[in-house]
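See structure below.
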Amino acid sequence: MKKAIIGKKLGMTQIFLPDGRLVPVTVIQAGPCKVVQKKTVEKDGYEAVQFGFEELTEKRAEKLLTQPVNGHFKKAGVAPQRHLREFRLDDSASYEVGQVVGADVFEEGEAVDVTGTTKGRGYTGAIYRWNQHTGPMAHGSKYHRGVGSLSANSDPSRVFKNKHMAGHYGVERVTIQNLSIVKVDKERNLLLVHGAVPGPDKGLLLIRNSCKA
């Protein structure tokens with residue numbers, strides 16, 4: 001992994017490309033992130049960089065963070081951050097504790113993978129949750145949105161594991177791969193990414209350079 005950043009989904013809009021095409025884009029506030037810790041092979045067994053995102057005031061930090069986490073920030077000499085994430089980067093050694101990382105690490109036209117937590121949809125049926133087909137919608141059917149056959153009664157006399165049934169849907173970690181960056185606003189730390197990304201507005205996102213590009 002060459003570069004990564006923590007961001008927040010601001011919403012969706014649409015913009016015109018230079019060739020005249022109108023494309024949907026997701027606006028992401030990418031950073032600014034502060035380097036809170038550098039992990040090394042000698043000390044930790046692997047190389048990684050720890051980023052913090054969304055600075056907190058002292059009072060909010062005392063309320064939201066535990067004492068060990070607050071001590072972690074004080075040791076680094078960095079103001080408390082709401083979010084803390086770790087990335088294994090190829091050039092981890094080039095980062096310094098306290099360094100600020102912004103949206104300008106990415107460039108227009110680059111492909112990125114965006115990870116987020118999907119919206120929660122509550123308890124849903126098999127049709128909405130698993131995209132199953134409905135039953136006959138005629139009046140005599142009396143079985144329109146049911147889960148369908150579950151199992152045979154004599155053999156195996158049970159329902160197999162992982163059977164698609166009704167249940168809680170959403171709130172899952174999902175990664176959308178190979179999304180193209182349409183525009184980078186370095187002054188406001190904004191990334192405009194072609195297409196949709198997981199999660200609601202103001203949801204936390206992890207943006208990394210694409211593993212397939």
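Chain labels follow the order of the structure tokens: the first chain is A, the next B, and so on; residue numbering restarts at 1 in every chain, and ligands are counted from 1 in their shown order.
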Mind checking which residues fall within 7 Å of A:Gly11, counting only C-alpha atoms, ignoring those fewer than 3 positions away in the same chain, and posting them as JSON, numbers by chain? {"A": [26, 27, 201]}
Residues near A:Lys74, cut-off 12 Å, only C-alpha atoms, skip fewer than 4 positions along chain, as a list of chain:residue names: A:Val36, A:Gln37, A:Glu58, A:Ala61, A:Gln67, A:Pro68, A:Val69, A:Asn70, A:Val78, A:Ala79, A:Pro80, A:Gln81, A:Val97, A:Gly98
With distances taken over only C-alpha atoms, which residue among A:Glu47, A:Glu42, A:Glu55, A:Asp113 lies nearest A:Ile207?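 Smallest distance to A:Ile207 is found for A:Asp113.
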DSSP on the backbone: what in stretch 20-205 of chain A comes out helix (DSSP H, G or I), as a ChimeraX atom specification? /A:41-44,58-64,67-76,92-94,103-105,126-130
Residues near stretch 144-158 of chain A, cut-off 9 Å, only C-alpha atoms, skip fewer than 2 positions along chain, as a PyMOL selection string: chain A and resi 125-127+132-138+141-142+160+163-166
Those residues with N, CA, C and O atoms, as a tab-separated table (two decimals), in the first residue's frame please?
```
chain	number	residue	atom	x	y	z
A	125	GLY	N	-36.91	-8.69	5.45
A	125	GLY	CA	-37.25	-10.00	4.94
A	125	GLY	C	-36.23	-10.49	3.92
A	125	GLY	O	-35.30	-9.78	3.52
A	126	ALA	N	-36.43	-11.74	3.47
A	126	ALA	CA	-35.46	-12.36	2.56
A	126	ALA	C	-35.43	-11.69	1.19
A	126	ALA	O	-34.39	-11.68	0.53
A	127	ILE	N	-36.53	-11.11	0.76
A	127	ILE	CA	-36.58	-10.48	-0.56
A	127	ILE	C	-35.71	-9.23	-0.59
A	127	ILE	O	-34.91	-9.02	-1.50
A	132	GLN	N	-34.12	-12.12	-3.08
A	132	GLN	CA	-34.84	-13.29	-3.56
A	132	GLN	C	-36.08	-12.87	-4.35
A	132	GLN	O	-36.57	-11.75	-4.23
A	133	HIS	N	-36.59	-13.82	-5.14
A	133	HIS	CA	-37.78	-13.55	-5.96
A	133	HIS	C	-39.03	-13.66	-5.10
A	133	HIS	O	-39.07	-14.44	-4.14
A	134	THR	N	-40.04	-12.89	-5.45
A	134	THR	CA	-41.32	-12.99	-4.74
A	134	THR	C	-42.08	-14.23	-5.21
A	134	THR	O	-41.78	-14.82	-6.25
A	135	GLY	N	-43.06	-14.59	-4.42
A	135	GLY	CA	-43.96	-15.65	-4.85
A	135	GLY	C	-44.98	-15.11	-5.84
A	135	GLY	O	-44.94	-13.92	-6.20
A	136	PRO	N	-45.87	-15.96	-6.34
A	136	PRO	CA	-46.90	-15.49	-7.28
A	136	PRO	C	-47.72	-14.37	-6.65
A	136	PRO	O	-48.13	-14.47	-5.49
A	137	MET	N	-47.90	-13.27	-7.38
A	137	MET	CA	-48.62	-12.12	-6.83
A	137	MET	C	-50.11	-12.17	-7.11
A	137	MET	O	-50.83	-11.19	-6.88
A	138	ALA	N	-50.63	-13.30	-7.63
A	138	ALA	CA	-52.07	-13.44	-7.86
A	138	ALA	C	-52.80	-13.56	-6.53
A	138	ALA	O	-52.21	-13.88	-5.50
A	141	SER	N	-52.65	-16.99	-4.40
A	141	SER	CA	-51.38	-17.54	-3.94
A	141	SER	C	-51.27	-17.53	-2.42
A	141	SER	O	-50.90	-18.52	-1.81
A	142	LYS	N	-51.57	-16.39	-1.81
A	142	LYS	CA	-51.51	-16.20	-0.36
A	142	LYS	C	-50.08	-16.37	0.19
A	142	LYS	O	-49.89	-16.59	1.38
A	160	PHE	N	-30.25	-26.08	6.97
A	160	PHE	CA	-28.81	-25.96	6.84
A	160	PHE	C	-28.34	-24.58	7.31
A	160	PHE	O	-29.06	-23.58	7.21
A	163	LYS	N	-28.55	-20.55	5.55
A	163	LYS	CA	-29.76	-20.42	4.73
A	163	LYS	C	-30.20	-18.96	4.70
A	163	LYS	O	-30.21	-18.29	5.73
A	164	HIS	N	-30.51	-18.46	3.52
A	164	HIS	CA	-30.94	-17.07	3.39
A	164	HIS	C	-32.32	-16.88	4.01
A	164	HIS	O	-33.32	-17.37	3.50
A	165	MET	N	-32.33	-16.17	5.12
A	165	MET	CA	-33.59	-15.94	5.85
A	165	MET	C	-33.68	-14.47	6.23
A	165	MET	O	-32.77	-13.67	5.99
A	166	ALA	N	-34.80	-14.10	6.83
A	166	ALA	CA	-34.98	-12.73	7.31
A	166	ALA	C	-34.05	-12.47	8.48
A	166	ALA	O	-33.62	-13.38	9.18
```
In terms of the shortest atom-to-atom distance over only C-alpha atoms, which of A:Arg21, A:Lys161, A:Arg60, A:Lys119 is closest to A:Pro200? A:Lys119
Quick one: DSSP strand (DSSP E or B) residues in stretch 32-175 of chain A, as an MDAnalysis selection string? chainID A and resid 33:39 48:55 81:87 100:101 111:117 123:124 167:168 173:175
To one decimal in Å, tell me the separation between atom CA of A:Lys43 and atom CA of A:Gln99.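 Between atom CA of A:Lys43 and atom CA of A:Gln99 the gap works out to 20.6 Å.
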A:Asn209, A:Thr57, A:Ser94, A:Thr115 ranked by distance to A:Arg173, top pick (using only C-alpha atoms):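 Once distances to A:Arg173 are computed over only C-alpha atoms, the minimum belongs to A:Thr115.
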Might you pull out every residue within 6 Å of A:Val182, with only C-alpha atoms counted and same-chain residues fewer than 4 positions away left off, and present them as a PyMOL selection string? chain A and resi 108+192-193
With all heavy atoms kept, could you save the residues just selected as a CSV table (one decimal), in the first residue's frame?
```
chain,number,residue,atom,x,y,z
A,108,GLU,N,-5.7,13.7,-9.2
A,108,GLU,CA,-6.9,13.4,-10.1
A,108,GLU,C,-6.5,12.3,-11.1
A,108,GLU,O,-5.4,12.2,-11.6
A,108,GLU,CB,-7.2,14.7,-10.9
A,108,GLU,CG,-7.8,15.8,-10.1
A,108,GLU,CD,-8.1,17.0,-10.9
A,108,GLU,OE1,-8.2,16.9,-12.2
A,108,GLU,OE2,-8.4,18.1,-10.4
A,192,LEU,N,-13.3,14.3,-4.7
A,192,LEU,CA,-14.6,14.0,-5.5
A,192,LEU,C,-14.3,12.7,-6.2
A,192,LEU,O,-13.5,12.6,-7.1
A,192,LEU,CB,-14.9,15.1,-6.4
A,192,LEU,CG,-15.8,16.2,-5.9
A,192,LEU,CD1,-15.1,17.0,-4.8
A,192,LEU,CD2,-16.2,17.2,-7.0
A,193,VAL,N,-15.0,11.6,-5.7
A,193,VAL,CA,-14.8,10.3,-6.3
A,193,VAL,C,-16.0,9.9,-7.1
A,193,VAL,O,-17.1,10.1,-6.8
A,193,VAL,CB,-14.7,9.3,-5.1
A,193,VAL,CG1,-14.5,7.9,-5.6
A,193,VAL,CG2,-13.5,9.7,-4.2
```
Using only C-alpha atoms, can you tell me which of A:Lys186, A:Lys3, A:Lys212, A:Lys8 comes closest to A:Gly102?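 With only C-alpha atoms as the atom set, the closest residue is A:Lys186.
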Go through A:Cys33, A:Leu206, A:Ala93, A:Val25 one by one, measure the shortest atom-to-atom distance of each to A:Ser180 using only C-alpha atoms, and give the residue with the smallest value.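 Closest candidate: A:Val25.
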Any idea what the distance is between atom CA of A:Val100 and atom CA of A:Phe53? 10.1 Å
Top pick for closest residue to A:Gln50, considering A:Leu10, A:Ile28, A:Val101, A:Val171 and counting only C-alpha atoms: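 The closest residue to A:Gln50 is A:Val101.
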So that I can see what lies close to A:Gly120, please list as a list in words the residues with an atom at most 9 Å from it, counting only C-alpha atoms and leaving out residues fewer than 2 positions away in the same chain.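 The residues that qualify are Thr117, Thr118, Gly122, His168, Tyr169, Gly170, Val171, Glu172 and Gly199 of chain A.
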